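The next block holds one structure in the form of structure tokens; read it before the comments.
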Amino acid sequence: QEKKIFTIQGPYPIIRRELRARGWVERKLPGTGRQLEQHRSHQNTQQLEIGPSNGGGGQKEALLNPCGEAQPFLGTTAPLHYPWLPAEKEEEQCDEDPNGIHDLMSYLVRDRLPNFIWTNFLDATDPELLQQDNIVNHYARVDAFTTKEGLCLSLQKLPWIEQADPNVFFPRCYRLGIMGEREAFIEDFRLTAARSLLKLALEEAGDRPVRTQQVPNSAKGAGWHRSHISHPKHSTARPGSPLYPELVEEALEVCEQHLSVLQHQDIDRSTPSPCRTCIDWDRFLQQYYRVAHEGAGLVLTKQQQKQCQNLLQHLADQLPQLDMEGKLNVWILKPGAESQGRGIICTTRLEEVLQLAWSYTAPSVQMGRWVVQKYVERLLTIFGTKFDIRQWFVVTDWKPLTVWFYQDCYLRFCSRPFSLCHLERARHLCNVSVQKWYKTSPDQDPRVPPDKIWSNKEFQEYLAQLGQADAWHQVLVPGMKAAILSALRSAQDQVRFRKGSFELYGADFLVGEDFQPWLLEINSCPTMSPSSAVTRQLCANVQRDTLCLVLDRKNPTSSTGAFELIYKE
């Protein structure tokens with residue numbers, strides 16, 4: 001009568017505990033014993049004995065169909081098992097119900113529809129069985145911004161939706177399965193190589209190119225160490241190494257033509273490709289590789305030096321990513337619909353990108369599913385180590401769009417020192433699911449936390465030591481909020497919303513040398529499994545606060561925890 005029946009699917013003991021404390025009764029899923037474990041390991045050849053299944057829809061019935069299948073194995077001494085939890089979590093679940101009270105209560109509500117559903121994937125629910133007052137923790141068709149491919153496509157449309165430029169917060173990205181985008185990537189790679197060559201030429205001449213945004217002067221005071229910002233050096237020319245006097249002239253010609261196009265660019269028409277055939281690109285790239293990665297030298301006249309400086313300065317006015325893209329032309333290749341760092345590869349050569357994308361035959365990583373994205377080369381490092389930020393937010397409505405930003409987050413570190421000369425995963429992918437397979441290398445700075453996790457509070461203390469205490473609240477947080485809102489608005493028309501649903505997301509950001517955040521991806525169903533003392537506390541807090549936000553916010557005096565309302569249409 002109070003409509004306090006809930007169902008949980010997935011590893012969420014905090015949600016279960018909090019709802020029980022609020023007086024809710026769990027309607028447990030059927031077949032939670034060994035039959036379900038056996039079914040999951042042989043799901044292509046076996047079916048659960050829980051009634052008819054419709055293309056894997058047995059779980060949908062289990063969650064919503066009030067036909068009595070939710071009866072636990074009463075009358076047996078075997079404990080209920082949750083096969084998606086590690087063994088120690090199963091023990092935790094059993095210890096919470098030593099007398100079987102919750103099992104009995106679950107049996108008593110076996111014929112009732114759950115009023116609150118928390119699952120780890122939307123397909124576990126049948127939308128046709130949902131009633132208007134059912135609360136569900138997912139929306140449909142959010143892949144428009146929660147997959148790499150979807151986010152890439154949605155943000156391409158952003159300038160037509162609002163006056164915003166995704167290039168100021170999202171590294172440029174291309175879907176390799178779309179011919180037009182594949183050609184645009186090839187053009188971008190070539191142009192980036194030309195710009196990078198000008199930067200390398202200036203560096204070899206002893207003159208660093210003008211930055212688009214200087215590191216604030218206050219950051220160079222007490223406590224500032226250059227090791228905290230990455231400035232990868234290309235190999236200096238060795239005696240007897242080949243010289244390519246024509247390369248700088250060719251790069252200048254290409255960049256001047258590109259600048260001319262940019263200065264006359266119109267959003268309503270496609271931009272003509274600059275200098276597609278004016279030089280032999282295969283030869284140019286091979287010689288660029290030798291300069292950037294193998295130590296070949298460059299010949300730069302005084303006049304060319306001045307031309308490089310002026311041209312890069314003018315390009316900086318047109319290209320928001322000119323500074324962060326660096327000079328080694330590193331790109332990151334990602335399966336468009338995978339997560340947790342699966343299949344991600346960093347590379348510096350055009351032919352490798354195209355060959356790798358073609359070489360994979362798995363359906364999820366074929367050419368049609370790959371995206372390639374510019375790697376943020378000029379990023380902020382901590383103790384010489386790359387990190388990223390996992391930032392939570394909740395959408396409680398799409399019409400009107402209503403977004404809540406969580407005021408706590410955490411940093412994830414790599415296991416080895418940052419280097420653009422070595423592109424292995426341990427140095428460049430911050431995902432916990434990737435880094436857990438690597439031991440901390442001996443050359444890692446001992447100040448990097450052993451569990452490779454920091455809270456945002458620890459990061460703010462670190463910024464204060466750099467003399468940049470204001471960077472968090474004045475640059476990073478506003479930048480993350482703006483990027484999240486732009487991503488959501490770009491995909492808003494694609495999402496299938498329903499009143500009563502909500503969803504918790506995890507956005508991943510890199511931090512540039514100038515403290516600007518760069519959005520990498522947005523994850524639906526972000527992991528709540530703690531990998532450290534920091535995440536154990538923060539993940540528990542965000543789950544509790546999400547429940548407060550969803551269940552209590554209609555009461556004007558109730559708390560929303562650490563959630564801040566940042567947008568409501």
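Each chain in the structure tokens gets a letter, A, B, ..., in the order shown, and its residues are numbered from 1; ligands are numbered from 1 in order too.
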Tell me, as a PyMOL selection string, which residues lie within 7 Å of Ser455 in chain A, counting only C-alpha atoms; anything in the same chain fewer than 4 positions away does not count.
chain A and resi 409-411+459+534
Writer output for current selection, N, CA, C and O atoms, as a compact mmCIF listing (two decimals), in the first residue's frame:
```txt
# COMPACT_ATOMS: atom_id res chain seq x y z
N CYS A 409 34.48 13.98 -6.47
CA CYS A 409 34.90 13.12 -7.56
C CYS A 409 36.24 12.52 -7.18
O CYS A 409 36.74 12.73 -6.08
N TYR A 410 36.83 11.75 -8.09
CA TYR A 410 38.14 11.18 -7.77
C TYR A 410 39.03 11.12 -9.00
O TYR A 410 38.56 11.18 -10.14
N LEU A 411 40.33 11.04 -8.75
CA LEU A 411 41.35 10.97 -9.79
C LEU A 411 41.86 9.54 -9.89
O LEU A 411 42.00 8.84 -8.88
N PHE A 459 43.44 16.52 -4.59
CA PHE A 459 43.86 17.25 -5.78
C PHE A 459 43.85 18.75 -5.53
O PHE A 459 44.76 19.47 -5.95
N VAL A 534 39.47 5.61 -0.92
CA VAL A 534 38.80 6.81 -1.41
C VAL A 534 37.50 6.44 -2.13
O VAL A 534 36.44 6.99 -1.84
```
Show which residues sit within 7 Å of range 512-528 of chain A, as a PyMOL selection string. Count only C-alpha atoms, and ignore same-chain residues fewer than 4 positions away.
chain A and resi 120+145-146+148+169-171+213+215+229+324+378-380+471+475-476+479-480+483+504-508+539
Go ahead and save the residues from that selection, with C-alpha atoms, as a compact mmCIF listing (two decimals), in the first residue's frame.
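And here's out-v7.txt as it stands now:
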```
# COMPACT_ATOMS: atom_id res chain seq x y z
CA ASN A 120 23.01 -2.45 -14.15
CA PHE A 145 26.21 10.18 -25.63
CA THR A 146 27.33 7.17 -23.54
CA LYS A 148 32.31 6.83 -27.96
CA PHE A 169 36.29 20.78 -24.51
CA PHE A 170 36.23 17.59 -26.62
CA PRO A 171 39.32 16.38 -28.52
CA GLN A 213 47.20 30.16 -23.24
CA VAL A 215 50.46 28.82 -17.70
CA ILE A 229 53.68 19.57 -16.67
CA MET A 324 46.94 20.73 -26.56
CA ARG A 378 50.04 18.72 -23.51
CA LEU A 379 48.36 17.59 -20.34
CA LEU A 380 48.85 18.26 -16.67
CA ALA A 471 42.04 26.54 -10.55
CA VAL A 475 38.51 26.67 -14.23
CA LEU A 476 38.08 22.93 -13.77
CA GLY A 479 34.63 23.59 -17.51
CA MET A 480 33.38 20.13 -16.53
CA ALA A 483 31.10 20.12 -21.17
CA LEU A 504 23.56 8.31 -12.68
CA TYR A 505 26.45 8.84 -15.11
CA GLY A 506 30.23 9.00 -14.83
CA ALA A 507 32.10 11.47 -17.07
CA ASP A 508 35.85 11.12 -17.60
CA CYS A 539 30.95 5.45 -4.18
```
Polymer residues at most 6 Å from range 415-423 of chain A, only C-alpha atoms, same-chain spacing of 5 or more positions, as a list in words:
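Residues near the query, excluding close chain neighbours: Cys346, Gly384, Thr385, Lys386, Thr440, Ser441 and Gln444 of chain A.
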Could you save those same residues with N, CA, C and O atoms as a PDB file, in the first residue's frame?
```
ATOM      1  N   CYS A 346      47.139   3.593 -28.757  1.00  0.00           N
ATOM      2  CA  CYS A 346      47.730   4.880 -29.129  1.00  0.00           C
ATOM      3  C   CYS A 346      48.729   4.662 -30.259  1.00  0.00           C
ATOM      4  O   CYS A 346      49.486   3.681 -30.257  1.00  0.00           O
ATOM      5  N   GLY A 384      54.785  13.626 -12.493  1.00  0.00           N
ATOM      6  CA  GLY A 384      55.217  13.028 -13.751  1.00  0.00           C
ATOM      7  C   GLY A 384      54.328  11.911 -14.248  1.00  0.00           C
ATOM      8  O   GLY A 384      54.714  11.168 -15.163  1.00  0.00           O
ATOM      9  N   THR A 385      53.110  11.792 -13.713  1.00  0.00           N
ATOM     10  CA  THR A 385      52.220  10.673 -14.044  1.00  0.00           C
ATOM     11  C   THR A 385      50.894  11.195 -14.586  1.00  0.00           C
ATOM     12  O   THR A 385      50.328  12.154 -14.054  1.00  0.00           O
ATOM     13  N   LYS A 386      50.385  10.532 -15.614  1.00  0.00           N
ATOM     14  CA  LYS A 386      49.093  10.901 -16.182  1.00  0.00           C
ATOM     15  C   LYS A 386      47.967  10.489 -15.232  1.00  0.00           C
ATOM     16  O   LYS A 386      48.047   9.469 -14.550  1.00  0.00           O
ATOM     17  N   THR A 440      53.139  -1.033 -10.095  1.00  0.00           N
ATOM     18  CA  THR A 440      53.791   0.269 -10.182  1.00  0.00           C
ATOM     19  C   THR A 440      55.243   0.074 -10.576  1.00  0.00           C
ATOM     20  O   THR A 440      55.957  -0.727  -9.977  1.00  0.00           O
ATOM     21  N   SER A 441      55.688   0.798 -11.595  1.00  0.00           N
ATOM     22  CA  SER A 441      57.046   0.613 -12.096  1.00  0.00           C
ATOM     23  C   SER A 441      58.056   1.213 -11.137  1.00  0.00           C
ATOM     24  O   SER A 441      57.766   2.161 -10.403  1.00  0.00           O
ATOM     25  N   GLN A 444      58.540   4.983 -11.098  1.00  0.00           N
ATOM     26  CA  GLN A 444      57.409   5.826 -10.737  1.00  0.00           C
ATOM     27  C   GLN A 444      57.746   6.663  -9.508  1.00  0.00           C
ATOM     28  O   GLN A 444      58.395   6.188  -8.573  1.00  0.00           O
TER      29      GLN A 444
END
```
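Using only C-alpha atoms, the nearest neighbour of Lys4 in chain A within the list A:Asp397, A:Glu26, A:Asp445, A:Glu503 is A:Glu26.
Those residues that approach Val299 in chain A to within 8 Å, counting only C-alpha atoms, are Ala201, Leu243, Tyr244, Pro245 and Val248 of chain A; same-chain residues fewer than 6 positions away are not listed.
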I need the residues of range 300-350 of chain A that end up classed as strand (DSSP E or B) by DSSP on the backbone, written out as an MDAnalysis selection string.
chainID A and resid 331:335 345:347
For Val330 in chain A: contacts at 9 Å, only C-alpha atoms, fewer than 5 positions along chain excluded, given as a list in words:
Glu325, Cys346, Thr347, Thr348, Arg349, Lys374, Tyr375, Val376, Glu377 and Leu420 of chain A
Env of Phe185 in chain A: 12 Å cut, atoms = only C-alpha atoms, seq-sep filter 4 positions within chain, self excluded. Answer as an mmCIF file with N, CA, C and O atoms, in the first residue's frame.
```cif
data_model
loop_
_atom_site.group_PDB
_atom_site.id
_atom_site.type_symbol
_atom_site.label_atom_id
_atom_site.label_comp_id
_atom_site.auth_asym_id
_atom_site.auth_seq_id
_atom_site.Cartn_x
_atom_site.Cartn_y
_atom_site.Cartn_z
ATOM 1 N N ARG A 172 39.065 16.459 -30.932
ATOM 2 C CA ARG A 172 38.388 16.147 -32.186
ATOM 3 C C ARG A 172 38.423 14.643 -32.456
ATOM 4 O O ARG A 172 39.404 13.964 -32.158
ATOM 5 N N CYS A 173 37.333 14.165 -33.025
ATOM 6 C CA CYS A 173 37.071 12.737 -33.072
ATOM 7 C C CYS A 173 36.385 12.393 -34.401
ATOM 8 O O CYS A 173 35.591 13.194 -34.918
ATOM 9 N N TYR A 174 36.686 11.211 -34.931
ATOM 10 C CA TYR A 174 36.132 10.787 -36.219
ATOM 11 C C TYR A 174 35.699 9.328 -36.148
ATOM 12 O O TYR A 174 36.367 8.506 -35.518
ATOM 13 N N ARG A 175 34.595 9.016 -36.820
ATOM 14 C CA ARG A 175 34.127 7.635 -36.941
ATOM 15 C C ARG A 175 34.699 7.046 -38.235
ATOM 16 O O ARG A 175 34.359 7.470 -39.325
ATOM 17 N N LEU A 176 35.555 6.066 -38.082
ATOM 18 C CA LEU A 176 36.283 5.557 -39.243
ATOM 19 C C LEU A 176 35.400 4.768 -40.197
ATOM 20 O O LEU A 176 35.774 4.555 -41.351
ATOM 21 N N GLY A 177 34.241 4.314 -39.732
ATOM 22 C CA GLY A 177 33.362 3.554 -40.611
ATOM 23 C C GLY A 177 32.568 4.412 -41.567
ATOM 24 O O GLY A 177 31.922 3.891 -42.480
ATOM 25 N N ILE A 178 32.596 5.735 -41.380
ATOM 26 C CA ILE A 178 31.895 6.658 -42.265
ATOM 27 C C ILE A 178 32.917 7.249 -43.242
ATOM 28 O O ILE A 178 33.873 7.905 -42.810
ATOM 29 N N MET A 179 32.723 7.025 -44.522
ATOM 30 C CA MET A 179 33.737 7.405 -45.505
ATOM 31 C C MET A 179 34.127 8.877 -45.399
ATOM 32 O O MET A 179 35.313 9.225 -45.412
ATOM 33 N N GLY A 180 33.128 9.764 -45.284
ATOM 34 C CA GLY A 180 33.435 11.184 -45.201
ATOM 35 C C GLY A 180 34.261 11.526 -43.973
ATOM 36 O O GLY A 180 35.178 12.355 -44.047
ATOM 37 N N GLU A 181 33.963 10.883 -42.857
ATOM 38 C CA GLU A 181 34.729 11.155 -41.633
ATOM 39 C C GLU A 181 36.116 10.537 -41.702
ATOM 40 O O GLU A 181 37.084 11.092 -41.171
ATOM 41 N N PHE A 189 44.946 14.458 -39.919
ATOM 42 C CA PHE A 189 46.249 13.901 -39.553
ATOM 43 C C PHE A 189 47.372 14.591 -40.316
ATOM 44 O O PHE A 189 48.410 14.952 -39.746
ATOM 45 N N ARG A 190 47.163 14.786 -41.619
ATOM 46 C CA ARG A 190 48.195 15.427 -42.433
ATOM 47 C C ARG A 190 48.431 16.873 -42.012
ATOM 48 O O ARG A 190 49.585 17.314 -41.867
ATOM 49 N N LEU A 191 47.345 17.609 -41.788
ATOM 50 C CA LEU A 191 47.484 19.009 -41.392
ATOM 51 C C LEU A 191 48.138 19.124 -40.014
ATOM 52 O O LEU A 191 48.952 20.023 -39.765
ATOM 53 N N THR A 192 47.780 18.211 -39.099
ATOM 54 C CA THR A 192 48.390 18.226 -37.772
ATOM 55 C C THR A 192 49.882 17.930 -37.878
ATOM 56 O O THR A 192 50.701 18.513 -37.163
ATOM 57 N N SER A 273 38.984 21.036 -48.722
ATOM 58 C CA SER A 273 40.210 20.468 -48.175
ATOM 59 C C SER A 273 41.409 21.239 -48.686
ATOM 60 O O SER A 273 41.593 21.372 -49.905
ATOM 61 N N TRP A 331 47.581 9.917 -31.839
ATOM 62 C CA TRP A 331 46.138 9.712 -31.909
ATOM 63 C C TRP A 331 45.787 8.451 -31.131
ATOM 64 O O TRP A 331 46.630 7.570 -30.941
ATOM 65 N N LEU A 333 43.046 5.314 -30.831
ATOM 66 C CA LEU A 333 42.066 4.526 -31.577
ATOM 67 C C LEU A 333 41.213 3.735 -30.590
ATOM 68 O O LEU A 333 41.752 3.024 -29.736
ATOM 69 N N LEU A 350 49.697 7.340 -39.508
ATOM 70 C CA LEU A 350 48.420 7.251 -40.200
ATOM 71 C C LEU A 350 48.152 5.837 -40.681
ATOM 72 O O LEU A 350 47.047 5.306 -40.515
ATOM 73 N N GLU A 351 49.150 5.211 -41.291
ATOM 74 C CA GLU A 351 48.927 3.872 -41.845
ATOM 75 C C GLU A 351 48.602 2.861 -40.744
ATOM 76 O O GLU A 351 47.846 1.911 -40.966
ATOM 77 N N VAL A 353 46.886 3.525 -37.949
ATOM 78 C CA VAL A 353 45.485 3.733 -37.563
ATOM 79 C C VAL A 353 44.571 2.981 -38.516
ATOM 80 O O VAL A 353 43.697 2.205 -38.098
ATOM 81 N N LEU A 354 44.763 3.181 -39.811
ATOM 82 C CA LEU A 354 43.880 2.562 -40.792
ATOM 83 C C LEU A 354 44.052 1.053 -40.830
ATOM 84 O O LEU A 354 43.082 0.298 -40.944
ATOM 85 N N VAL A 371 36.374 4.595 -33.531
ATOM 86 C CA VAL A 371 36.565 6.041 -33.595
ATOM 87 C C VAL A 371 38.038 6.320 -33.347
ATOM 88 O O VAL A 371 38.728 5.558 -32.649
ATOM 89 N N VAL A 372 38.522 7.392 -33.935
ATOM 90 C CA VAL A 372 39.889 7.824 -33.693
ATOM 91 C C VAL A 372 39.831 9.255 -33.174
ATOM 92 O O VAL A 372 39.066 10.080 -33.677
ATOM 93 N N GLN A 373 40.605 9.534 -32.149
ATOM 94 C CA GLN A 373 40.516 10.826 -31.469
ATOM 95 C C GLN A 373 41.907 11.383 -31.238
ATOM 96 O O GLN A 373 42.855 10.638 -30.969
ATOM 97 N N LYS A 374 42.010 12.713 -31.322
ATOM 98 C CA LYS A 374 43.315 13.334 -31.083
ATOM 99 C C LYS A 374 43.697 13.168 -29.619
ATOM 100 O O LYS A 374 42.910 13.463 -28.716
#
```
Taking only C-alpha atoms into account, which of A:Ala205, A:Leu319, A:Leu285, A:Cys308 comes nearest Leu259 in chain A?
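Distance minimum relative to Leu259 in chain A lands on A:Leu319.
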So that I can see what lies close to Thr546 in chain A, please list as a PyMOL selection string the residues with an atom at most 8 Å from it, counting only C-alpha atoms and leaving out residues fewer than 2 positions away in the same chain.
chain A and resi 394+504+542-544+548-550+560
Run DSSP on the backbone and give me the residues of range 344-552 of chain A it puts in alpha helix (DSSP H), as a VMD selection string.
chain A and resid 350 to 359 425 to 428 432 to 435 456 to 465 471 477 to 491 533 to 552
With distances taken over only C-alpha atoms, which residue among A:Met105, A:Leu198, A:Val142, A:Leu129 lies nearest Trp398 in chain A?
A:Val142
Looking at A:Ile344, A:Asp545, A:Ile453, A:Tyr438, which one is nearest to Ser558 in chain A, with distances taken over only C-alpha atoms?
A:Asp545
Do you have the CA of Val511 in chain A-CA of Pro442 in chain A distance handy?
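That distance, rounded to one decimal, is 25.1 Å.
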